[in-house]
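Have a look at structure.txt below; it lists compact mmCIF, N, CA and C atoms.
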```txt
# COMPACT_ATOMS: atom_id res chain seq x y z
N MET Y 9 -38.61 -74.36 -4.99
CA MET Y 9 -38.80 -73.27 -4.05
C MET Y 9 -38.65 -73.83 -2.63
N SER Y 10 -37.86 -73.17 -1.84
CA SER Y 10 -37.72 -73.60 -0.46
C SER Y 10 -38.27 -72.52 0.47
N SER Y 11 -38.68 -72.97 1.61
CA SER Y 11 -39.17 -72.01 2.60
C SER Y 11 -38.44 -72.26 3.90
N ASN Y 12 -38.22 -71.21 4.63
CA ASN Y 12 -37.49 -71.30 5.88
C ASN Y 12 -38.33 -70.76 7.02
N LEU Y 13 -38.11 -71.32 8.18
CA LEU Y 13 -38.78 -70.86 9.39
C LEU Y 13 -37.69 -70.45 10.36
N LYS Y 14 -37.78 -69.22 10.86
CA LYS Y 14 -36.81 -68.76 11.83
C LYS Y 14 -37.59 -68.28 13.05
N VAL Y 15 -37.25 -68.88 14.19
CA VAL Y 15 -37.90 -68.49 15.44
C VAL Y 15 -36.80 -68.11 16.42
N ASN Y 16 -36.87 -66.91 16.93
CA ASN Y 16 -35.87 -66.47 17.89
C ASN Y 16 -36.23 -66.93 19.30
N THR Y 17 -37.45 -66.71 19.73
CA THR Y 17 -37.87 -67.07 21.08
C THR Y 17 -39.34 -67.44 21.07
N VAL Y 18 -39.64 -68.55 21.71
CA VAL Y 18 -41.04 -68.95 21.90
C VAL Y 18 -41.22 -69.22 23.38
N LEU Y 19 -42.14 -68.52 24.01
CA LEU Y 19 -42.41 -68.70 25.43
C LEU Y 19 -43.90 -69.02 25.62
N PRO Y 20 -44.29 -70.26 25.36
CA PRO Y 20 -45.70 -70.58 25.55
C PRO Y 20 -46.02 -70.71 27.03
N SER Y 21 -47.26 -70.48 27.38
CA SER Y 21 -47.66 -70.68 28.77
C SER Y 21 -47.75 -72.16 29.04
N VAL Y 22 -47.71 -72.54 30.32
CA VAL Y 22 -47.78 -73.95 30.71
C VAL Y 22 -49.05 -74.56 30.16
N GLY Y 23 -48.91 -75.75 29.56
CA GLY Y 23 -50.06 -76.45 29.01
C GLY Y 23 -50.35 -76.12 27.57
N THR Y 24 -49.65 -75.13 27.00
CA THR Y 24 -49.87 -74.76 25.61
C THR Y 24 -49.04 -75.68 24.72
N ALA Y 25 -49.65 -76.21 23.69
CA ALA Y 25 -48.93 -77.08 22.76
C ALA Y 25 -48.21 -76.25 21.71
N ILE Y 26 -47.06 -76.73 21.29
CA ILE Y 26 -46.33 -76.14 20.18
C ILE Y 26 -46.38 -77.16 19.06
N GLY Y 27 -46.84 -76.74 17.90
CA GLY Y 27 -46.93 -77.65 16.77
C GLY Y 27 -46.15 -77.10 15.60
N ILE Y 28 -45.38 -77.96 14.94
CA ILE Y 28 -44.61 -77.56 13.77
C ILE Y 28 -44.90 -78.59 12.69
N GLY Y 29 -45.31 -78.15 11.51
CA GLY Y 29 -45.51 -79.11 10.44
C GLY Y 29 -46.57 -78.70 9.46
N THR Y 30 -46.99 -79.69 8.70
CA THR Y 30 -48.03 -79.50 7.69
C THR Y 30 -49.19 -80.42 8.03
N ALA Y 31 -50.18 -80.46 7.17
CA ALA Y 31 -51.34 -81.32 7.41
C ALA Y 31 -50.95 -82.78 7.49
N GLY Y 32 -49.95 -83.22 6.73
CA GLY Y 32 -49.57 -84.63 6.70
C GLY Y 32 -48.50 -85.03 7.70
N GLY Y 33 -47.66 -84.09 8.12
CA GLY Y 33 -46.58 -84.41 9.03
C GLY Y 33 -46.35 -83.27 9.99
N SER Y 34 -46.16 -83.61 11.27
CA SER Y 34 -45.95 -82.55 12.26
C SER Y 34 -45.29 -83.11 13.50
N VAL Y 35 -44.79 -82.19 14.31
CA VAL Y 35 -44.26 -82.50 15.64
C VAL Y 35 -45.00 -81.61 16.61
N SER Y 36 -45.47 -82.20 17.71
CA SER Y 36 -46.20 -81.44 18.72
C SER Y 36 -45.53 -81.64 20.07
N ILE Y 37 -45.35 -80.54 20.78
CA ILE Y 37 -44.74 -80.59 22.11
C ILE Y 37 -45.71 -79.94 23.07
N THR Y 38 -46.13 -80.70 24.08
CA THR Y 38 -46.96 -80.16 25.14
C THR Y 38 -46.15 -80.18 26.43
N SER Y 39 -46.77 -79.86 27.53
CA SER Y 39 -46.04 -79.83 28.80
C SER Y 39 -45.58 -81.21 29.25
N ASP Y 40 -46.17 -82.29 28.70
CA ASP Y 40 -45.77 -83.62 29.16
C ASP Y 40 -45.61 -84.66 28.06
N THR Y 41 -45.77 -84.30 26.79
CA THR Y 41 -45.70 -85.29 25.71
C THR Y 41 -45.14 -84.66 24.44
N ILE Y 42 -44.32 -85.45 23.73
CA ILE Y 42 -43.85 -85.07 22.41
C ILE Y 42 -44.40 -86.11 21.44
N THR Y 43 -45.04 -85.66 20.37
CA THR Y 43 -45.56 -86.59 19.37
C THR Y 43 -45.09 -86.17 17.98
N ALA Y 44 -44.94 -87.17 17.11
CA ALA Y 44 -44.59 -86.93 15.72
C ALA Y 44 -45.59 -87.66 14.84
N LEU Y 45 -46.10 -86.94 13.83
CA LEU Y 45 -47.08 -87.49 12.90
C LEU Y 45 -46.51 -87.48 11.49
N THR Y 46 -46.80 -88.53 10.74
CA THR Y 46 -46.53 -88.56 9.31
C THR Y 46 -47.77 -89.13 8.64
N GLY Y 47 -48.05 -88.68 7.43
CA GLY Y 47 -49.22 -89.16 6.72
C GLY Y 47 -50.51 -88.94 7.48
N GLY Y 48 -50.53 -87.97 8.37
CA GLY Y 48 -51.72 -87.67 9.15
C GLY Y 48 -51.96 -88.58 10.34
N SER Y 49 -51.03 -89.51 10.62
CA SER Y 49 -51.18 -90.44 11.75
C SER Y 49 -50.01 -90.33 12.71
N GLU Y 50 -50.29 -90.49 14.00
CA GLU Y 50 -49.22 -90.46 15.00
C GLU Y 50 -48.34 -91.68 14.83
N ARG Y 51 -47.02 -91.46 14.78
CA ARG Y 51 -46.04 -92.54 14.60
C ARG Y 51 -45.15 -92.71 15.82
N LEU Y 52 -44.90 -91.62 16.57
CA LEU Y 52 -43.96 -91.64 17.68
C LEU Y 52 -44.50 -90.80 18.82
N ARG Y 53 -44.33 -91.28 20.05
CA ARG Y 53 -44.74 -90.52 21.23
C ARG Y 53 -43.68 -90.72 22.32
N ILE Y 54 -43.30 -89.64 22.96
CA ILE Y 54 -42.43 -89.68 24.14
C ILE Y 54 -43.24 -89.09 25.28
N THR Y 55 -43.46 -89.88 26.34
CA THR Y 55 -44.29 -89.44 27.45
C THR Y 55 -43.46 -88.73 28.51
N SER Y 56 -44.14 -88.10 29.45
CA SER Y 56 -43.44 -87.41 30.54
C SER Y 56 -42.68 -88.40 31.43
N ALA Y 57 -43.04 -89.67 31.39
CA ALA Y 57 -42.34 -90.70 32.17
C ALA Y 57 -41.10 -91.21 31.44
N GLY Y 58 -40.83 -90.66 30.24
CA GLY Y 58 -39.65 -91.08 29.48
C GLY Y 58 -39.89 -92.34 28.67
N LYS Y 59 -41.13 -92.76 28.54
CA LYS Y 59 -41.45 -93.94 27.74
C LYS Y 59 -41.65 -93.53 26.29
N ILE Y 60 -41.15 -94.38 25.37
CA ILE Y 60 -41.24 -94.09 23.94
C ILE Y 60 -42.16 -95.11 23.30
N GLY Y 61 -43.15 -94.62 22.58
CA GLY Y 61 -44.05 -95.49 21.84
C GLY Y 61 -43.89 -95.26 20.36
N ILE Y 62 -43.65 -96.34 19.61
CA ILE Y 62 -43.61 -96.28 18.15
C ILE Y 62 -44.81 -97.07 17.68
N GLY Y 63 -45.79 -96.38 17.10
CA GLY Y 63 -47.04 -97.02 16.73
C GLY Y 63 -47.92 -97.30 17.93
N GLU Y 64 -47.60 -96.75 19.07
CA GLU Y 64 -48.33 -96.99 20.32
C GLU Y 64 -48.37 -95.69 21.11
N ASN Y 65 -49.56 -95.18 21.45
CA ASN Y 65 -49.62 -93.90 22.16
C ASN Y 65 -49.71 -94.04 23.68
N THR Y 66 -49.76 -95.27 24.21
CA THR Y 66 -49.67 -95.48 25.66
C THR Y 66 -48.63 -96.57 25.91
N PRO Y 67 -47.34 -96.24 25.75
CA PRO Y 67 -46.29 -97.26 25.89
C PRO Y 67 -46.26 -97.89 27.28
N LEU Y 68 -46.12 -99.23 27.30
CA LEU Y 68 -46.09 -99.98 28.56
C LEU Y 68 -44.69 -100.03 29.18
N GLY Y 69 -43.65 -99.86 28.38
CA GLY Y 69 -42.28 -99.91 28.87
C GLY Y 69 -41.48 -98.74 28.32
N LYS Y 70 -40.17 -98.76 28.59
CA LYS Y 70 -39.29 -97.69 28.11
C LYS Y 70 -39.34 -97.55 26.60
N LEU Y 71 -39.47 -98.69 25.88
CA LEU Y 71 -39.63 -98.67 24.42
C LEU Y 71 -40.71 -99.67 24.07
N HIS Y 72 -41.77 -99.20 23.45
CA HIS Y 72 -42.90 -100.05 23.07
C HIS Y 72 -43.13 -99.86 21.58
N VAL Y 73 -42.89 -100.93 20.80
CA VAL Y 73 -43.06 -100.90 19.36
C VAL Y 73 -44.28 -101.74 19.02
N LYS Y 74 -45.22 -101.15 18.29
CA LYS Y 74 -46.46 -101.86 17.94
C LYS Y 74 -46.76 -101.66 16.47
N SER Y 75 -47.14 -102.75 15.82
CA SER Y 75 -47.50 -102.69 14.41
C SER Y 75 -48.98 -102.93 14.26
N SER Y 76 -49.61 -102.25 13.33
CA SER Y 76 -51.01 -102.51 13.02
C SER Y 76 -51.12 -103.56 11.94
N ASP Y 77 -49.98 -104.04 11.42
CA ASP Y 77 -49.97 -105.05 10.38
C ASP Y 77 -49.95 -106.43 11.02
N SER Y 78 -51.10 -107.10 11.07
CA SER Y 78 -51.17 -108.41 11.72
C SER Y 78 -50.43 -109.48 10.93
N GLY Y 79 -50.05 -109.20 9.70
CA GLY Y 79 -49.34 -110.17 8.89
C GLY Y 79 -47.83 -109.99 8.92
N ALA Y 80 -47.31 -109.17 9.83
CA ALA Y 80 -45.87 -108.91 9.88
C ALA Y 80 -45.12 -110.20 10.22
N THR Y 81 -44.11 -110.52 9.42
CA THR Y 81 -43.29 -111.70 9.67
C THR Y 81 -41.83 -111.31 9.51
N VAL Y 82 -40.95 -112.08 10.15
CA VAL Y 82 -39.52 -111.81 10.04
C VAL Y 82 -39.11 -111.97 8.59
N GLY Y 83 -38.31 -111.06 8.10
CA GLY Y 83 -37.81 -111.13 6.74
C GLY Y 83 -38.61 -110.30 5.76
N THR Y 84 -39.64 -109.61 6.22
CA THR Y 84 -40.40 -108.74 5.33
C THR Y 84 -40.12 -107.30 5.70
N SER Y 85 -40.65 -106.40 4.92
CA SER Y 85 -40.46 -104.98 5.21
C SER Y 85 -41.25 -104.54 6.43
N ALA Y 86 -42.08 -105.42 6.98
CA ALA Y 86 -42.90 -105.08 8.15
C ALA Y 86 -42.25 -105.55 9.46
N ASP Y 87 -40.93 -105.84 9.45
CA ASP Y 87 -40.25 -106.28 10.68
C ASP Y 87 -40.49 -105.29 11.80
N GLU Y 88 -40.70 -105.82 12.99
CA GLU Y 88 -40.94 -104.98 14.16
C GLU Y 88 -39.65 -104.35 14.67
N LEU Y 89 -38.57 -105.09 14.64
CA LEU Y 89 -37.30 -104.58 15.15
C LEU Y 89 -36.20 -105.06 14.22
N VAL Y 90 -35.43 -104.15 13.70
CA VAL Y 90 -34.33 -104.49 12.81
C VAL Y 90 -33.05 -103.96 13.42
N LEU Y 91 -32.05 -104.83 13.59
CA LEU Y 91 -30.72 -104.43 14.04
C LEU Y 91 -29.79 -104.65 12.86
N GLU Y 92 -29.13 -103.60 12.42
CA GLU Y 92 -28.32 -103.72 11.21
C GLU Y 92 -26.99 -103.01 11.40
N SER Y 93 -25.94 -103.66 10.93
CA SER Y 93 -24.63 -103.02 10.92
C SER Y 93 -23.83 -103.63 9.79
N SER Y 94 -22.67 -103.06 9.53
CA SER Y 94 -21.82 -103.61 8.48
C SER Y 94 -20.94 -104.73 9.03
N GLY Y 95 -20.95 -104.91 10.34
CA GLY Y 95 -20.18 -105.98 10.97
C GLY Y 95 -21.11 -106.86 11.79
N ASN Y 96 -20.66 -107.23 12.98
CA ASN Y 96 -21.48 -108.05 13.86
C ASN Y 96 -22.61 -107.22 14.44
N THR Y 97 -23.78 -107.84 14.58
CA THR Y 97 -24.95 -107.16 15.13
C THR Y 97 -25.55 -108.05 16.20
N GLY Y 98 -26.06 -107.45 17.23
CA GLY Y 98 -26.70 -108.24 18.28
C GLY Y 98 -27.54 -107.38 19.17
N MET Y 99 -28.17 -108.04 20.11
CA MET Y 99 -28.98 -107.35 21.11
C MET Y 99 -28.50 -107.83 22.47
N THR Y 100 -28.35 -106.92 23.40
CA THR Y 100 -27.90 -107.25 24.74
C THR Y 100 -28.98 -106.86 25.73
N ILE Y 101 -29.28 -107.78 26.64
CA ILE Y 101 -30.22 -107.50 27.72
C ILE Y 101 -29.40 -107.51 29.01
N LEU Y 102 -29.23 -106.34 29.61
CA LEU Y 102 -28.46 -106.24 30.85
C LEU Y 102 -29.43 -106.31 32.03
N SER Y 103 -29.19 -107.27 32.94
CA SER Y 103 -30.14 -107.49 34.03
C SER Y 103 -29.54 -107.27 35.41
N GLY Y 104 -28.32 -106.79 35.48
CA GLY Y 104 -27.70 -106.60 36.78
C GLY Y 104 -27.13 -107.93 37.28
N THR Y 105 -26.44 -107.88 38.41
CA THR Y 105 -25.76 -109.09 38.90
C THR Y 105 -26.70 -110.10 39.54
N THR Y 106 -27.90 -109.71 39.90
CA THR Y 106 -28.83 -110.66 40.51
C THR Y 106 -30.15 -110.74 39.76
N GLY Y 107 -30.28 -110.03 38.66
CA GLY Y 107 -31.56 -109.98 37.95
C GLY Y 107 -31.71 -111.06 36.91
N GLU Y 108 -32.82 -110.99 36.20
CA GLU Y 108 -33.08 -111.92 35.11
C GLU Y 108 -33.27 -111.13 33.83
N GLY Y 109 -32.62 -111.59 32.76
CA GLY Y 109 -32.82 -111.02 31.45
C GLY Y 109 -33.79 -111.92 30.72
N ALA Y 110 -34.87 -111.36 30.17
CA ALA Y 110 -35.91 -112.21 29.59
C ALA Y 110 -36.43 -111.66 28.28
N ILE Y 111 -36.84 -112.58 27.43
CA ILE Y 111 -37.62 -112.28 26.24
C ILE Y 111 -38.96 -112.96 26.46
N ASN Y 112 -40.03 -112.18 26.46
CA ASN Y 112 -41.37 -112.70 26.76
C ASN Y 112 -42.22 -112.74 25.50
N PHE Y 113 -43.06 -113.75 25.41
CA PHE Y 113 -43.96 -113.92 24.27
C PHE Y 113 -45.39 -114.02 24.79
N GLY Y 114 -46.33 -113.45 24.07
CA GLY Y 114 -47.73 -113.48 24.46
C GLY Y 114 -48.33 -112.11 24.22
N ASP Y 115 -49.51 -111.86 24.75
CA ASP Y 115 -50.06 -110.52 24.64
C ASP Y 115 -50.04 -109.87 26.02
N SER Y 116 -50.39 -108.60 26.07
CA SER Y 116 -50.22 -107.84 27.31
C SER Y 116 -51.11 -108.33 28.44
N GLY Y 117 -52.14 -109.14 28.15
CA GLY Y 117 -53.04 -109.59 29.20
C GLY Y 117 -52.83 -111.03 29.63
N ASP Y 118 -51.85 -111.75 29.05
CA ASP Y 118 -51.75 -113.18 29.36
C ASP Y 118 -50.54 -113.56 30.20
N ASN Y 119 -49.92 -112.62 30.87
CA ASN Y 119 -48.82 -112.89 31.80
C ASN Y 119 -47.63 -113.58 31.13
N ASN Y 120 -47.32 -113.21 29.89
CA ASN Y 120 -46.14 -113.72 29.19
C ASN Y 120 -46.07 -115.24 29.22
N ILE Y 121 -46.88 -115.91 28.45
CA ILE Y 121 -46.96 -117.37 28.54
C ILE Y 121 -45.76 -118.09 27.93
N GLY Y 122 -44.99 -117.44 27.09
CA GLY Y 122 -43.75 -118.01 26.57
C GLY Y 122 -42.59 -117.13 27.00
N LYS Y 123 -41.45 -117.74 27.38
CA LYS Y 123 -40.36 -116.96 27.93
C LYS Y 123 -39.02 -117.64 27.70
N ILE Y 124 -38.00 -116.85 27.39
CA ILE Y 124 -36.61 -117.31 27.39
C ILE Y 124 -35.90 -116.43 28.40
N VAL Y 125 -35.28 -117.03 29.42
CA VAL Y 125 -34.73 -116.27 30.54
C VAL Y 125 -33.30 -116.69 30.84
N TYR Y 126 -32.44 -115.70 31.15
CA TYR Y 126 -31.12 -115.97 31.73
C TYR Y 126 -31.13 -115.44 33.15
N MET Y 127 -30.88 -116.33 34.11
CA MET Y 127 -30.81 -115.94 35.53
C MET Y 127 -29.35 -115.69 35.87
N HIS Y 128 -29.01 -114.42 36.05
CA HIS Y 128 -27.61 -114.05 36.27
C HIS Y 128 -27.07 -114.62 37.58
N ASP Y 129 -27.81 -114.49 38.67
CA ASP Y 129 -27.29 -114.94 39.96
C ASP Y 129 -27.13 -116.46 40.03
N GLY Y 130 -27.90 -117.24 39.28
CA GLY Y 130 -27.75 -118.69 39.26
C GLY Y 130 -26.98 -119.21 38.06
N ASN Y 131 -26.67 -118.32 37.11
CA ASN Y 131 -25.91 -118.64 35.92
C ASN Y 131 -26.52 -119.80 35.13
N TYR Y 132 -27.82 -119.70 34.84
CA TYR Y 132 -28.49 -120.70 34.01
C TYR Y 132 -29.55 -120.02 33.15
N MET Y 133 -30.00 -120.75 32.12
CA MET Y 133 -31.07 -120.29 31.25
C MET Y 133 -32.24 -121.25 31.36
N TYR Y 134 -33.44 -120.71 31.19
CA TYR Y 134 -34.60 -121.60 31.11
C TYR Y 134 -35.59 -121.09 30.08
N PHE Y 135 -36.42 -122.02 29.63
CA PHE Y 135 -37.43 -121.75 28.61
C PHE Y 135 -38.79 -122.15 29.17
N LYS Y 136 -39.79 -121.29 28.97
CA LYS Y 136 -41.15 -121.56 29.45
C LYS Y 136 -42.11 -121.62 28.27
N THR Y 137 -43.09 -122.51 28.38
CA THR Y 137 -44.27 -122.48 27.53
C THR Y 137 -45.47 -122.61 28.45
N SER Y 138 -46.60 -122.04 28.08
CA SER Y 138 -47.81 -122.04 28.92
C SER Y 138 -47.47 -121.62 30.36
N ASP Y 139 -46.55 -120.67 30.47
CA ASP Y 139 -46.09 -120.10 31.75
C ASP Y 139 -45.52 -121.14 32.71
N THR Y 140 -44.97 -122.25 32.18
CA THR Y 140 -44.35 -123.30 32.98
C THR Y 140 -42.96 -123.58 32.43
N GLU Y 141 -41.96 -123.70 33.31
CA GLU Y 141 -40.60 -123.99 32.87
C GLU Y 141 -40.55 -125.39 32.27
N ARG Y 142 -40.00 -125.49 31.04
CA ARG Y 142 -39.94 -126.77 30.32
C ARG Y 142 -38.51 -127.27 30.12
N LEU Y 143 -37.56 -126.33 30.01
CA LEU Y 143 -36.17 -126.70 29.73
C LEU Y 143 -35.25 -125.74 30.46
N ARG Y 144 -34.20 -126.30 31.07
CA ARG Y 144 -33.19 -125.49 31.74
C ARG Y 144 -31.82 -125.92 31.26
N ILE Y 145 -30.94 -124.95 31.02
CA ILE Y 145 -29.54 -125.22 30.68
C ILE Y 145 -28.71 -124.67 31.83
N THR Y 146 -27.99 -125.56 32.52
CA THR Y 146 -27.22 -125.16 33.71
C THR Y 146 -25.89 -124.54 33.30
N SER Y 147 -25.18 -123.99 34.28
CA SER Y 147 -23.88 -123.37 34.02
C SER Y 147 -22.84 -124.38 33.58
N THR Y 148 -23.08 -125.67 33.85
CA THR Y 148 -22.14 -126.71 33.41
C THR Y 148 -22.53 -127.32 32.07
N GLY Y 149 -23.62 -126.83 31.46
CA GLY Y 149 -24.04 -127.30 30.16
C GLY Y 149 -25.03 -128.44 30.20
N GLN Y 150 -25.53 -128.79 31.36
CA GLN Y 150 -26.55 -129.85 31.45
C GLN Y 150 -27.89 -129.32 30.96
N PHE Y 151 -28.66 -130.20 30.30
CA PHE Y 151 -30.02 -129.89 29.89
C PHE Y 151 -30.97 -130.62 30.84
N LEU Y 152 -31.86 -129.88 31.45
CA LEU Y 152 -32.87 -130.47 32.34
C LEU Y 152 -34.22 -130.25 31.70
N MET Y 153 -34.92 -131.33 31.41
CA MET Y 153 -36.25 -131.22 30.81
C MET Y 153 -37.28 -131.65 31.85
N GLY Y 154 -38.22 -130.74 32.13
CA GLY Y 154 -39.27 -131.04 33.10
C GLY Y 154 -38.76 -131.06 34.54
N ALA Y 155 -37.56 -130.54 34.78
CA ALA Y 155 -36.99 -130.50 36.13
C ALA Y 155 -36.18 -129.22 36.27
N THR Y 156 -36.02 -128.75 37.50
CA THR Y 156 -35.25 -127.54 37.74
C THR Y 156 -33.94 -127.81 38.47
N SER Y 157 -33.71 -129.10 38.86
CA SER Y 157 -32.44 -129.48 39.48
C SER Y 157 -32.13 -130.92 39.11
N THR Y 158 -30.83 -131.29 39.26
CA THR Y 158 -30.43 -132.66 38.90
C THR Y 158 -30.76 -133.63 40.00
```
Let me see the structure of the file written as structure tokens.
Amino acid sequence: MSSNLKVNTVLPSVGTAIGIGTAGGSVSITSDTITALTGGSERLRITSAGKIGIGENTPLGKLHVKSSDSGATVGTSADELVLESSGNTGMTILSGTTGEGAINFGDSGDNNIGKIVYMHDGNYMYFKTSDTERLRITSTGQFLMGATST
């Protein structure tokens, strides 16, 4: 048995939420947030600032993915981010002509203590641990350990 929902026009007043779904799964639209629930729990949120949270209802960036599974490891079904294609797959971080593209490690309160960075304007990469630069690869392929210049 199938059921259909047909809505011609819905004009809610400002601040009124629109909810579509069942007890276990639903979509809710308010004046500033869109949320999606499955299994009775919120899974996705889009804020009025355009930030998307997956498993996170107060996203810190444009896309914030959070797992409640503390045992998540690469190669399991609990992967945080999966990029898949039938050909080549990759991730690109665009930082502009003078910016830095970075992958940060740590928690939200520790100022990113581990970091892999590409500095576009200087054309070099560096690696940080304990928030200190430890290794730099220059545009000519030199490795600098414990130094930032030759």
- [ ] For stretch 41-55 of chain Y, work out the shell of residues within 8 Å, counting all atoms listed in the file and skipping chain neighbours fewer than 2 positions away, then give it as number ranges by chain.
- [x] Y: 30-39, 57-67
Write the residues of the selection above to a file with N, CA and C atoms, as a PDB file, keeping the file's coordinate frame.
```pdb
ATOM      1  N   THR Y  30     -46.990 -79.690   8.700  1.00  0.00           N
ATOM      2  CA  THR Y  30     -48.030 -79.500   7.690  1.00  0.00           C
ATOM      3  C   THR Y  30     -49.190 -80.420   8.030  1.00  0.00           C
ATOM      4  N   ALA Y  31     -50.180 -80.460   7.170  1.00  0.00           N
ATOM      5  CA  ALA Y  31     -51.340 -81.320   7.410  1.00  0.00           C
ATOM      6  C   ALA Y  31     -50.950 -82.780   7.490  1.00  0.00           C
ATOM      7  N   GLY Y  32     -49.950 -83.220   6.730  1.00  0.00           N
ATOM      8  CA  GLY Y  32     -49.570 -84.630   6.700  1.00  0.00           C
ATOM      9  C   GLY Y  32     -48.500 -85.030   7.700  1.00  0.00           C
ATOM     10  N   GLY Y  33     -47.660 -84.090   8.120  1.00  0.00           N
ATOM     11  CA  GLY Y  33     -46.580 -84.410   9.030  1.00  0.00           C
ATOM     12  C   GLY Y  33     -46.350 -83.270   9.990  1.00  0.00           C
ATOM     13  N   SER Y  34     -46.160 -83.610  11.270  1.00  0.00           N
ATOM     14  CA  SER Y  34     -45.950 -82.550  12.260  1.00  0.00           C
ATOM     15  C   SER Y  34     -45.290 -83.110  13.500  1.00  0.00           C
ATOM     16  N   VAL Y  35     -44.790 -82.190  14.310  1.00  0.00           N
ATOM     17  CA  VAL Y  35     -44.260 -82.500  15.640  1.00  0.00           C
ATOM     18  C   VAL Y  35     -45.000 -81.610  16.610  1.00  0.00           C
ATOM     19  N   SER Y  36     -45.470 -82.200  17.710  1.00  0.00           N
ATOM     20  CA  SER Y  36     -46.200 -81.440  18.720  1.00  0.00           C
ATOM     21  C   SER Y  36     -45.530 -81.640  20.070  1.00  0.00           C
ATOM     22  N   ILE Y  37     -45.350 -80.540  20.780  1.00  0.00           N
ATOM     23  CA  ILE Y  37     -44.740 -80.590  22.110  1.00  0.00           C
ATOM     24  C   ILE Y  37     -45.710 -79.940  23.070  1.00  0.00           C
ATOM     25  N   THR Y  38     -46.130 -80.700  24.080  1.00  0.00           N
ATOM     26  CA  THR Y  38     -46.960 -80.160  25.140  1.00  0.00           C
ATOM     27  C   THR Y  38     -46.150 -80.180  26.430  1.00  0.00           C
ATOM     28  N   SER Y  39     -46.770 -79.860  27.530  1.00  0.00           N
ATOM     29  CA  SER Y  39     -46.040 -79.830  28.800  1.00  0.00           C
ATOM     30  C   SER Y  39     -45.580 -81.210  29.250  1.00  0.00           C
ATOM     31  N   ALA Y  57     -43.040 -89.670  31.390  1.00  0.00           N
ATOM     32  CA  ALA Y  57     -42.340 -90.700  32.170  1.00  0.00           C
ATOM     33  C   ALA Y  57     -41.100 -91.210  31.440  1.00  0.00           C
ATOM     34  N   GLY Y  58     -40.830 -90.660  30.240  1.00  0.00           N
ATOM     35  CA  GLY Y  58     -39.650 -91.080  29.480  1.00  0.00           C
ATOM     36  C   GLY Y  58     -39.890 -92.340  28.670  1.00  0.00           C
ATOM     37  N   LYS Y  59     -41.130 -92.760  28.540  1.00  0.00           N
ATOM     38  CA  LYS Y  59     -41.450 -93.940  27.740  1.00  0.00           C
ATOM     39  C   LYS Y  59     -41.650 -93.530  26.290  1.00  0.00           C
ATOM     40  N   ILE Y  60     -41.150 -94.380  25.370  1.00  0.00           N
ATOM     41  CA  ILE Y  60     -41.240 -94.090  23.940  1.00  0.00           C
ATOM     42  C   ILE Y  60     -42.160 -95.110  23.300  1.00  0.00           C
ATOM     43  N   GLY Y  61     -43.150 -94.620  22.580  1.00  0.00           N
ATOM     44  CA  GLY Y  61     -44.050 -95.490  21.840  1.00  0.00           C
ATOM     45  C   GLY Y  61     -43.890 -95.260  20.360  1.00  0.00           C
ATOM     46  N   ILE Y  62     -43.650 -96.340  19.610  1.00  0.00           N
ATOM     47  CA  ILE Y  62     -43.610 -96.280  18.150  1.00  0.00           C
ATOM     48  C   ILE Y  62     -44.810 -97.070  17.680  1.00  0.00           C
ATOM     49  N   GLY Y  63     -45.790 -96.380  17.100  1.00  0.00           N
ATOM     50  CA  GLY Y  63     -47.040 -97.020  16.730  1.00  0.00           C
ATOM     51  C   GLY Y  63     -47.920 -97.300  17.930  1.00  0.00           C
ATOM     52  N   GLU Y  64     -47.600 -96.750  19.070  1.00  0.00           N
ATOM     53  CA  GLU Y  64     -48.330 -96.990  20.320  1.00  0.00           C
ATOM     54  C   GLU Y  64     -48.370 -95.690  21.110  1.00  0.00           C
ATOM     55  N   ASN Y  65     -49.560 -95.180  21.450  1.00  0.00           N
ATOM     56  CA  ASN Y  65     -49.620 -93.900  22.160  1.00  0.00           C
ATOM     57  C   ASN Y  65     -49.710 -94.040  23.680  1.00  0.00           C
ATOM     58  N   THR Y  66     -49.760 -95.270  24.210  1.00  0.00           N
ATOM     59  CA  THR Y  66     -49.670 -95.480  25.660  1.00  0.00           C
ATOM     60  C   THR Y  66     -48.630 -96.570  25.910  1.00  0.00           C
ATOM     61  N   PRO Y  67     -47.340 -96.240  25.750  1.00  0.00           N
ATOM     62  CA  PRO Y  67     -46.290 -97.260  25.890  1.00  0.00           C
ATOM     63  C   PRO Y  67     -46.260 -97.890  27.280  1.00  0.00           C
TER      64      PRO Y  67
END
```
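Here atom CA of Y:Leu68 stands at a distance of 23.6 Å from atom N of Y:His128.
For the pair atom CA of Y:Tyr132 and atom N of Y:Lys70, the interatomic distance is 25.4 Å.
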- [ ] Provide the atom CA of Y:Asp129 to atom CA of Y:Thr105 distance in Å, to one decimal place.
- [x]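 Pair atom CA of Y:Asp129 / atom CA of Y:Thr105 returns 6.1 Å.
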- [ ] For Y:Met133, list every protein, DNA or RNA residue within 8 Å, evaluated using all atoms listed in the file, and leave out those in the same chain fewer than 5 positions away; present the list as number ranges by chain.
- [x] Y: 124-128, 143-147
